[in-house]
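Heads up, the thing below is written out as structure tokens.
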Amino acid sequence: MSNTFVLVLVVITALGFDFTNGFHDTGNAMATSIATKALSPRVAVGLSGILNLVGAFLSLAVAATIASGLVDTKLVTLTVVAAGLAGGITWNLLTWLLGIPSSSSHALIGGVIGATIAAAGGHAILWHGLVSKVVLPAVLSPIIAGLVAATGTWLLYRISRSLTEAARGHGFRIGQIGSACMVSLAHGTNDAQKTMGVITLALIVNKTVPAHSNAPFWVILACALAISIGTYLGGWRVIRTLGKGLVEIESPQGMAAESASAAVILLSSSFGYSLSTTHVATGSIIGTGLGKKGAEVRWNVAGRMATAWVFTLPSAGLVGAGAYALAHVIGGTTGVIVDLLILVAVAAFIYLRSRSSKVDPSNVNDEWTGSVAPAESQPVAA
């Protein structure tokens, strides 16, 4: 009974992570379409939510990587999985508060790895799988996406050079609707599966399903719904940074960025790579700034984001390790419950803190002033 109760807590927490993944990563698909006004903010996140739901059913390769390709499942316990989720959710919420488009995928993986090392030592990590399917894609994906987007941007402006600015903008805004939909579909095939993998890992650990099992249908459905609901609610703070903070996007750039992102994400999902869609989307947007003559890339914003990327795995890992240590000292089901109560308190604090500099559909497209919060929303200094 105790194990079953902990398993239920782990599943609920995993779906909570999936929800934060949805609103944290909505900007990956829709930020440029919102910035160019190809889609209204509410329509964009609603459409993205539906397509994330559909995309979650298209492939299970990434879920298999997370479930049994990164850690030795024989050395993992439900307490480890719960602690790892705490690390992932904490980092997701903190970077969302700051408007930093960091990787939800790496936050989750870092949390689970940190908790696993704290529980069983470094030999419990499948380092080859971690390097080949997580670290290398993290380094290469933004570079590849940036090159593809830069080339695509140059070609689109070259091909449409005889059009008036108004005609070009109108045509490519229509094209952006299709390319943004493809990114949302691709996001569902990659990101929703990470939570499916974690829940499947918990089921394997609890011996509810055999080792190396695929995610059961109810897990696929629950994760698809959780990420799509989170996507619909919209991570406006991150959408603002991606849409307004990196490059002043025009519609040809938006279409190039979205097309490049969709191609890279779908290709990686087919190989089972646990790719960061945030890295891909950011690389694509920066690439459009490099591919358009006269465009300005805000490298200071990109630098802050890159710094967060470097710290995501170790920071989430430290939180995961600390959460495991606390649960282990307390012991049993009580330790897991205490961990999750602290997580809820941290989440509530971060949410309340975000209300002092609110970003929503009404101001997400306001002029960039160097901070995620628009100028009129900045809290007054005491």
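Chains: A, B, ... in order of the structure tokens. Residues: from 1 per chain. Ligands: from 1, in order shown.
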
Find the residues around Gly88 in chain A up to 8 Å (only C-alpha atoms counted), leave out those fewer than 4 positions away in its own chain, and share them as a VMD selection string. chain A and resid 17 84 92 104 106 to 112 316 320

For Gly294 in chain A, work out the shell of residues within 12 Å, counting only C-alpha atoms and skipping chain neighbours fewer than 5 positions away, then give it as an MDAnalysis selection string. chainID A and resid 154 247:249 288:289

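Distance check against Glu367 in chain A using only C-alpha atoms: of A:Trp218, A:Gly245, A:Ile204, A:Ser284, the minimum falls on A:Gly245.
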
Which is closest to Leu97 in chain A among A:Thr282, A:Thr20, A:Ser259, A:Thr231, if we use only C-alpha atoms?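 Of all the options, A:Thr20 lies closest to Leu97 in chain A.
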
DSSP on the backbone, then: every residue of range 79-301 of chain A marked alpha helix (DSSP H), written as number ranges by chain. A: 79-97, 104-120, 127-130, 136-159, 165-205, 217-233, 236-240, 251-271, 277-291, 299-301

Selected residue, from A:Ser228, A:Ile199, A:Val372, A:Asp72, that lies nearest to Leu130 in chain A when counting only C-alpha atoms: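 The shortest atom-to-atom distance to Leu130 in chain A comes from A:Asp72.
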
Need to verify the contact set: Ala83 in chain A, 9 Å, only C-alpha atoms, exclusion of same-chain residues closer than 6 positions in sequence. Can you return it as a list in words? Gly111, Val112, Gly114, Ala115, Thr116, Val319, Gly320, Ala321, Gly322, Ala323, Tyr324, Ala325, Ala327, Val336, Asp339 and Leu340 of chain A

Those selected residues, please, written with C-alpha atoms and delivered as a tab-separated table (two decimals), in the first residue's frame.
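After the write, selection_12.tsv holds the following:
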```
chain	number	residue	atom	x	y	z
A	111	GLY	CA	17.02	16.23	-11.54
A	112	VAL	CA	16.71	12.47	-12.09
A	114	GLY	CA	21.27	14.09	-9.43
A	115	ALA	CA	18.85	12.09	-7.31
A	116	THR	CA	20.18	8.81	-8.75
A	319	VAL	CA	18.12	20.12	-6.20
A	320	GLY	CA	17.28	16.51	-7.06
A	321	ALA	CA	20.17	15.23	-4.91
A	322	GLY	CA	19.16	17.50	-2.01
A	323	ALA	CA	15.53	16.40	-2.28
A	324	TYR	CA	16.58	12.75	-2.19
A	325	ALA	CA	18.88	13.33	0.80
A	327	ALA	CA	13.56	12.24	1.88
A	336	VAL	CA	8.49	11.80	-0.15
A	339	ASP	CA	9.67	16.77	-0.35
A	340	LEU	CA	6.51	17.35	-2.34
```

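Between CA of Thr4 in chain A and CA of Val205 in chain A the separation is 11.6 Å.
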
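Put simply, CA of Ala44 in chain A is 21.3 Å away from CA of Ile286 in chain A.
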
Looking at A:Ser362, A:Ser357, A:Asn21, A:Ser270, which one is nearest to Ser40 in chain A, with distances taken over only C-alpha atoms?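 Looking only at the distances to Ser40 in chain A, the closest residue turns out to be A:Ser362.
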
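Closest to Ala14 in chain A among A:Asn52, A:Thr278, A:Thr200, A:Ser162 is A:Thr200, based on only C-alpha atoms.
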
If you count only C-alpha atoms, which residues fall within 7 Å of Cys223 in chain A, apart from same-chain ones fewer than 5 positions away, as a list of chain:residue names?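 Surrounding residues, per the criterion: A:Leu15, A:Asp18, A:Ala192, A:Thr195, A:Met196.
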
Could you please take those selected residues and save N, CA and C atoms as a PDB file, in the first residue's frame?
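Generated output (result.pdb):
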```pdb
ATOM      1  N   LEU A  15       3.117  14.544 -13.839  1.00  0.00           N
ATOM      2  CA  LEU A  15       2.151  15.280 -14.658  1.00  0.00           C
ATOM      3  C   LEU A  15       2.231  16.783 -14.361  1.00  0.00           C
ATOM      4  N   ASP A  18       5.025  17.922 -16.405  1.00  0.00           N
ATOM      5  CA  ASP A  18       4.585  17.990 -17.801  1.00  0.00           C
ATOM      6  C   ASP A  18       3.802  19.271 -18.057  1.00  0.00           C
ATOM      7  N   ALA A 192       6.562  15.877 -24.673  1.00  0.00           N
ATOM      8  CA  ALA A 192       5.582  15.120 -23.885  1.00  0.00           C
ATOM      9  C   ALA A 192       6.121  13.738 -23.528  1.00  0.00           C
ATOM     10  N   THR A 195       8.116  13.069 -20.040  1.00  0.00           N
ATOM     11  CA  THR A 195       7.347  12.728 -18.845  1.00  0.00           C
ATOM     12  C   THR A 195       6.795  11.316 -18.944  1.00  0.00           C
ATOM     13  N   MET A 196       6.397  10.916 -20.154  1.00  0.00           N
ATOM     14  CA  MET A 196       5.985   9.516 -20.339  1.00  0.00           C
ATOM     15  C   MET A 196       7.109   8.583 -19.904  1.00  0.00           C
TER      16      MET A 196
END
```

Report, in Å with one decimal, the straight-line distance from CA of Ser160 in chain A to CA of Gly291 in chain A.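 Interatomic distance here is 14.3 Å.
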
Please determine, counting only C-alpha atoms, which residue among A:Ala56, A:Ile350, A:Ala120, A:Leu47 has the shortest atom-to-atom distance to Ala215 in chain A.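 Between A:Ala56, A:Ile350, A:Ala120, A:Leu47, the residue approaching Ala215 in chain A most closely is A:Ala56.
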
Quick one: residues within 9 Å of Ala347 in chain A, only C-alpha atoms, excluding same-chain residues fewer than 2 positions away - as JSON, numbers by chain? {"A": [89, 90, 93, 94, 342, 343, 344, 345, 349, 350, 351, 352]}

Save the residues we just selected, N, CA, C and O atoms, as a compact mmCIF listing (two decimals), in the first residue's frame?
```txt
# COMPACT_ATOMS: atom_id res chain seq x y z
N ILE A 89 11.12 20.46 -11.76
CA ILE A 89 10.05 21.46 -11.63
C ILE A 89 10.59 22.76 -11.04
O ILE A 89 10.24 23.86 -11.51
N THR A 90 11.45 22.68 -10.04
CA THR A 90 12.00 23.88 -9.41
C THR A 90 12.76 24.72 -10.42
O THR A 90 12.58 25.95 -10.50
N LEU A 93 10.33 26.41 -12.99
CA LEU A 93 9.59 27.55 -12.46
C LEU A 93 10.50 28.75 -12.24
O LEU A 93 10.10 29.90 -12.51
N LEU A 94 11.71 28.51 -11.78
CA LEU A 94 12.64 29.62 -11.54
C LEU A 94 13.00 30.32 -12.85
O LEU A 94 12.98 31.55 -12.94
N ILE A 342 7.25 20.73 0.25
CA ILE A 342 8.22 21.83 0.05
C ILE A 342 8.16 22.32 -1.39
O ILE A 342 8.20 23.53 -1.67
N LEU A 343 8.04 21.38 -2.33
CA LEU A 343 7.94 21.75 -3.75
C LEU A 343 6.72 22.61 -4.01
O LEU A 343 6.79 23.61 -4.73
N VAL A 344 5.59 22.24 -3.42
CA VAL A 344 4.36 23.04 -3.59
C VAL A 344 4.55 24.44 -3.02
O VAL A 344 4.13 25.44 -3.63
N ALA A 345 5.21 24.54 -1.86
CA ALA A 345 5.45 25.85 -1.25
C ALA A 345 6.36 26.71 -2.12
O ALA A 345 6.11 27.92 -2.30
N PHE A 349 5.34 30.27 -3.96
CA PHE A 349 6.13 31.49 -3.77
C PHE A 349 6.54 32.09 -5.12
O PHE A 349 6.43 33.31 -5.33
N ILE A 350 7.02 31.25 -6.04
CA ILE A 350 7.45 31.75 -7.34
C ILE A 350 6.27 32.34 -8.12
O ILE A 350 6.39 33.40 -8.74
N TYR A 351 5.13 31.67 -8.05
CA TYR A 351 3.95 32.19 -8.75
C TYR A 351 3.54 33.56 -8.19
O TYR A 351 3.29 34.51 -8.95
N LEU A 352 3.49 33.69 -6.88
CA LEU A 352 3.12 34.98 -6.27
C LEU A 352 4.14 36.06 -6.62
O LEU A 352 3.78 37.22 -6.84
```

For range 253-256 of chain A: contacts at 9 Å, only C-alpha atoms, fewer than 2 positions along chain excluded, given as a ChimeraX atom specification: /A:31-33,35-36,148-154,156-157,172-173,175-180,249-251,258-261,284-285,287-289,291-292
